Every structure is written in structure tokens, then in C-alpha cells.
Amino acid sequence: MTLKIVVVGAGVVGAACAFHAASAGLDVTVVDRGAVGAGTTSRGEGNVLLSDKEPGPELDLARLSRALW
């Protein structure tokens with residue numbers, strides 16, 4: 001019997017699970033409706049990344065988030 005794993009979601013958590021399962025010798029398939037890391041992972045930065053923000057409210061919030069982090 002071959003143990004097969006299907007990981008739904010190719011974000012940071014799904015990719016990590018798939019990596020470790022494959023490293024353990026399991027047969028792994030990863031499925032996602034979009035590109036790798038393009039879903040929740042790309043939106044879960046916690047608003048601490050400053051380099052992609054224009055001056056204004058979003059940058060102000062990101063600076064506050066980074067300080068709190």
C-alpha cells in the first residue's frame with residue numbers, strides 16, 4: 001500500500017507541509033486554485049512590509065504595525 005497525501009493550498013503552510021511529507025518519503029500532490037503563494041500567504045504579511053507602500057494611511061498603519069511587531 002502506498003500512502004498518498006493531497007495538500008490543499010500552496011501557501012506557506014501548505015508548501016511546508018508538502019515539503020516535510022515528501023522529505024519523509026510520502027507521495028505528495030499539492031493543489032491550489034492559483035499560483036503558489038498567491039492566496040492567503042500573499043495577504044498575510046501583517047502589514048509590516050514598508051517597501052510596497054505609498055505615502056499615506058496604509059504606510060502609516062504599516063509603520064505602526066512594524067513598531068508593535
# chains A, B, ... in the order shown; residues from 1 in each chain; ligands from 1

$ residues_around --residues "stretch 5-17 of chain A" --least-positions-apart "3" --cutoff "10 Å" --atoms "only C-alpha atoms" --output "count of residues only"
22

$ residues_around --residues "A:Leu50" --least-positions-apart "4" --cutoff "10 Å" --atoms "only C-alpha atoms" --output "number ranges by chain"
A: 54-55, 58-63, 65-66

$ select_by_dssp --residues "chain A" --states "helix (DSSP H, G or I)" --output "list in words"
Val12, Val13, Gly14, Ala15, Ala16, Cys17, Ala18, Phe19, His20, Ala21, Ala22, Ser23, Thr40, Thr41, Ser42, Arg43, Pro57, Glu58, Leu59, Asp60, Leu61, Ala62, Arg63, Leu64, Ser65, Arg66, Ala67 and Leu68 of chain A

$ closest_residue --among "A:Asp52, A:Trp69, A:Lys4, A:Leu64" --to "A:Ala24" --atoms "only C-alpha atoms"
A:Lys4

$ select_by_dssp --residues "chain A" --states "strand (DSSP E or B)" --output "list in words"
Lys4, Ile5, Val6, Val7, Val8, Asp27, Val28, Thr29, Val30 and Val31 of chain A
